[in-house]
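Student: Below is the file work04.cif, which contains mmCIF, C-alpha atoms.
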```cif
data_query
loop_
_atom_site.group_PDB
_atom_site.id
_atom_site.type_symbol
_atom_site.label_atom_id
_atom_site.label_comp_id
_atom_site.auth_asym_id
_atom_site.auth_seq_id
_atom_site.Cartn_x
_atom_site.Cartn_y
_atom_site.Cartn_z
ATOM 1 C CA MET A 21 -14.387 -14.044 5.178
ATOM 2 C CA CYS A 22 -13.290 -10.796 3.576
ATOM 3 C CA ALA A 23 -14.690 -9.719 0.251
ATOM 4 C CA VAL A 24 -11.231 -8.431 -0.652
ATOM 5 C CA SER A 25 -7.826 -9.942 0.052
ATOM 6 C CA SER A 26 -5.668 -8.143 2.590
ATOM 7 C CA ASP A 27 -2.861 -7.837 0.000
ATOM 8 C CA GLU A 28 -5.191 -6.199 -2.512
ATOM 9 C CA PHE A 29 -6.658 -3.885 0.126
ATOM 10 C CA LEU A 30 -3.281 -2.857 1.572
ATOM 11 C CA ASN A 31 -1.688 -2.205 -1.805
ATOM 12 C CA ALA A 32 -4.647 -0.037 -2.831
ATOM 13 C CA ARG A 33 -4.479 1.891 0.443
ATOM 14 C CA LEU A 34 -0.682 2.185 0.182
ATOM 15 C CA ALA A 35 -1.124 3.927 -3.177
ATOM 16 C CA VAL A 36 -3.532 6.419 -1.604
ATOM 17 C CA TRP A 37 -1.311 7.149 1.382
ATOM 18 C CA ARG A 38 1.874 7.416 -0.702
ATOM 19 C CA GLN A 39 0.186 10.150 -2.711
ATOM 20 C CA ARG A 40 -1.247 11.941 0.322
ATOM 21 C CA LEU A 41 2.076 11.893 2.179
ATOM 22 C CA LYS A 42 4.010 12.955 -0.934
ATOM 23 C CA LEU A 43 5.983 9.708 -1.144
ATOM 24 C CA ASP A 44 5.249 9.073 -4.824
ATOM 25 C CA ASP A 45 8.959 9.010 -5.659
ATOM 26 C CA TRP A 46 9.519 6.082 -3.268
ATOM 27 C CA LYS A 47 9.207 2.419 -4.177
ATOM 28 C CA ILE A 48 7.407 0.947 -1.185
ATOM 29 C CA SER A 49 6.380 -2.668 -0.722
ATOM 30 C CA ILE A 50 4.238 -4.365 1.888
ATOM 31 C CA VAL A 51 5.436 -7.655 3.336
ATOM 32 C CA PRO A 52 2.840 -9.693 5.272
ATOM 33 C CA SER A 53 4.648 -11.012 8.326
ATOM 34 C CA HIS A 54 3.862 -13.406 11.133
ATOM 35 C CA THR A 55 4.192 -12.489 14.794
ATOM 36 C CA ASP A 56 7.578 -14.228 15.073
ATOM 37 C CA ASP A 57 8.946 -12.027 12.254
ATOM 38 C CA LEU A 58 8.111 -8.804 14.112
ATOM 39 C CA LYS A 59 9.510 -7.240 17.269
ATOM 40 C CA PRO A 60 7.517 -8.271 20.346
ATOM 41 C CA GLY A 61 4.496 -6.078 20.939
ATOM 42 C CA THR A 62 4.471 -4.611 17.433
ATOM 43 C CA LEU A 63 2.168 -5.030 14.446
ATOM 44 C CA GLY A 64 4.583 -3.752 11.836
ATOM 45 C CA HIS A 65 7.968 -2.314 10.982
ATOM 46 C CA ILE A 66 9.492 -0.246 8.200
ATOM 47 C CA HIS A 67 12.975 -0.456 6.742
ATOM 48 C CA TRP A 68 14.156 2.071 4.174
ATOM 49 C CA ASP A 69 17.116 3.143 2.094
ATOM 50 C CA ALA A 70 16.871 6.912 1.682
ATOM 51 C CA ALA A 71 19.543 7.055 -1.021
ATOM 52 C CA LYS A 72 17.672 4.567 -3.228
ATOM 53 C CA LYS A 73 14.211 5.746 -2.081
ATOM 54 C CA ILE A 74 13.018 2.220 -1.408
ATOM 55 C CA ALA A 75 11.209 0.927 1.634
ATOM 56 C CA SER A 76 9.515 -2.228 2.831
ATOM 57 C CA ILE A 77 6.779 -2.315 5.419
ATOM 58 C CA ARG A 78 6.215 -5.467 7.411
ATOM 59 C CA VAL A 79 2.563 -5.788 8.470
ATOM 60 C CA LEU A 80 1.103 -8.472 10.679
ATOM 61 C CA ASP A 81 -0.386 -11.114 8.396
ATOM 62 C CA ALA A 82 -4.188 -11.293 8.289
ATOM 63 C CA SER A 83 -4.061 -14.926 9.448
ATOM 64 C CA ASP A 84 -2.488 -13.807 12.743
ATOM 65 C CA TYR A 85 -5.323 -11.429 13.620
ATOM 66 C CA ARG A 86 -8.048 -12.400 16.059
ATOM 67 C CA LEU A 87 -10.359 -9.641 14.834
ATOM 68 C CA ALA A 88 -13.235 -9.695 12.361
ATOM 69 C CA CYS A 89 -12.053 -9.050 8.818
ATOM 70 C CA PRO A 90 -13.091 -5.370 8.525
ATOM 71 C CA ASP A 91 -11.469 -4.576 11.872
ATOM 72 C CA ALA A 92 -8.291 -6.444 10.930
ATOM 73 C CA LEU A 93 -8.078 -4.577 7.606
ATOM 74 C CA ASN A 94 -8.558 -1.243 9.381
ATOM 75 C CA ASP A 95 -5.829 -2.141 11.858
ATOM 76 C CA MET A 96 -3.460 -3.204 9.073
ATOM 77 C CA GLU A 97 -4.102 0.099 7.298
ATOM 78 C CA LEU A 98 -3.301 1.949 10.525
ATOM 79 C CA THR A 99 -0.014 0.039 10.679
ATOM 80 C CA VAL A 100 0.821 1.040 7.098
ATOM 81 C CA VAL A 101 0.035 4.710 7.764
ATOM 82 C CA HIS A 102 1.999 4.575 11.035
ATOM 83 C CA GLU A 103 5.068 3.216 9.261
ATOM 84 C CA LEU A 104 4.740 5.744 6.418
ATOM 85 C CA VAL A 105 4.669 8.584 8.949
ATOM 86 C CA HIS A 106 7.958 7.209 10.319
ATOM 87 C CA LEU A 107 9.324 7.433 6.785
ATOM 88 C CA VAL A 108 8.143 11.027 6.393
ATOM 89 C CA LEU A 109 9.801 11.917 9.701
ATOM 90 C CA SER A 110 13.019 10.073 8.850
ATOM 91 C CA SER A 111 14.669 13.262 7.635
ATOM 92 C CA VAL A 112 14.323 14.740 11.144
ATOM 93 C CA SER A 113 17.349 13.699 13.135
ATOM 94 C CA ARG A 114 17.051 12.245 16.618
ATOM 95 C CA SER A 115 19.777 13.194 19.024
ATOM 96 C CA VAL A 116 18.972 10.740 21.801
ATOM 97 C CA GLU A 117 17.536 7.224 21.771
ATOM 98 C CA ALA A 118 15.158 8.364 24.524
ATOM 99 C CA ASP A 119 13.452 10.464 21.841
ATOM 100 C CA ARG A 120 12.217 7.159 20.355
ATOM 101 C CA GLY A 121 9.306 7.019 22.815
ATOM 102 C CA ALA A 122 8.304 10.585 22.029
ATOM 103 C CA GLU A 123 8.505 9.836 18.305
ATOM 104 C CA GLU A 124 6.311 6.740 18.676
ATOM 105 C CA HIS A 125 3.733 8.747 20.612
ATOM 106 C CA THR A 126 3.721 11.478 17.950
ATOM 107 C CA VAL A 127 3.552 8.990 15.073
ATOM 108 C CA ASN A 128 0.617 7.221 16.755
ATOM 109 C CA GLN A 129 -1.273 10.494 17.166
ATOM 110 C CA ILE A 130 -0.647 11.629 13.585
ATOM 111 C CA SER A 131 -1.535 8.221 12.098
ATOM 112 C CA LYS A 132 -4.791 7.948 14.027
ATOM 113 C CA ALA A 133 -5.768 11.522 13.145
ATOM 114 C CA LEU A 134 -5.096 10.953 9.440
ATOM 115 C CA LEU A 135 -7.176 7.769 9.383
ATOM 116 C CA GLU A 136 -10.004 9.380 11.345
ATOM 117 C CA LEU A 137 -10.147 12.204 8.801
ATOM 118 C CA ASP A 138 -10.005 9.719 5.935
ATOM 119 C CA ARG A 139 -12.836 7.636 7.332
ATOM 120 C CA GLN A 140 -15.007 10.696 7.983
ATOM 121 C CA SER A 141 -14.613 11.949 4.434
ATOM 122 C CA SER A 142 -14.978 8.742 2.434
ATOM 123 C CA PRO A 143 -17.606 5.994 2.673
ATOM 124 C CA PRO A 144 -16.203 2.501 3.436
ATOM 125 C CA GLU A 145 -17.108 1.144 -0.004
ATOM 126 C CA THR A 146 -14.773 3.685 -1.662
ATOM 127 C CA ARG A 147 -11.804 2.758 0.505
#
```
Would you put the structure from the file into structure tokens?
Tutor:
Amino acid sequence: MCAVSSDEFLNARLAVWRQRLKLDDWKISIVPSHTDDLKPGTLGHIHWDAAKKIASIRVLDASDYRLACPDALNDMELTVVHELVHLVLSSVSRSVEADRGAEEHTVNQISKALLELDRQSSPPETR
């Protein structure tokens, strides 16, 4: 069992990543979601309204993970960062739907690099 709830953990990490990615002026919420509420093969999704600067991030609910708690929390944080990077890149226009695959690849690389740097620079108990 986790020492911290996934909601508490994700909201704390969301605050950190909003600041780091300069999204402080956005109202962003996390919505725990079951597998059936997400697109097949995904662990999360973001929906935003740029005019209102609001966004909601769907993240696979902790109860749907088959990983140990710390690993599940790390994976959920990766999903949050991944979706926030999509938000940061939302101002860049895509001309072709085929660019979607290239964007996903880029977002995955950026998200993983950011988390790797974060985890190298801060001990787990401070995250």
Student: Might you spell out which residues the PyMOL selection byres ((chain A and resi 127) around 10) would select in the displayed file, as a list in words?
Tutor: Val101, His102, Glu103, Leu104, Val105, His106, Leu109, Gly121, Ala122, Glu123, Glu124, His125, Thr126, Asn128, Gln129, Ile130, Ser131, Lys132 and Ala133 of chain A
Student: Could you check how far CA of Val79 in chain A sits from CA of Glu136 in chain A, in Å to one decimal?
Tutor: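 Separation of CA of Val79 in chain A and CA of Glu136 in chain A: 19.9 Å.
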Student: Could you please determine the separation between CA of Ser26 in chain A and CA of Ile50 in chain A in Å, to one decimal place?
Tutor: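 Answer for the CA of Ser26 in chain A to CA of Ile50 in chain A separation: 10.6 Å.
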Student: Please determine, counting all atoms listed in the file, which residue among A:Ala82, A:Leu63, A:Ala92, A:Val100 has the shortest atom-to-atom distance to Ser49 in chain A.
Tutor: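 Ranking A:Ala82, A:Leu63, A:Ala92, A:Val100 by distance to Ser49 in chain A, first place goes to A:Val100.
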Student: Please indicate the distance in Å from CA of Ala88 in chain A to CA of Ala32 in chain A, rounded to one decimal place.
Tutor: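 So the two atoms, CA of Ala88 in chain A and CA of Ala32 in chain A, lie 19.9 Å apart.
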Student: May I ask which of the residues A:Gln39, A:Ser83, A:Ser142, A:Ser111 is the closest one to Met96 in chain A, counting only C-alpha atoms?
Tutor: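 Looking at the shortest contact to Met96 in chain A, the residue is A:Ser83.
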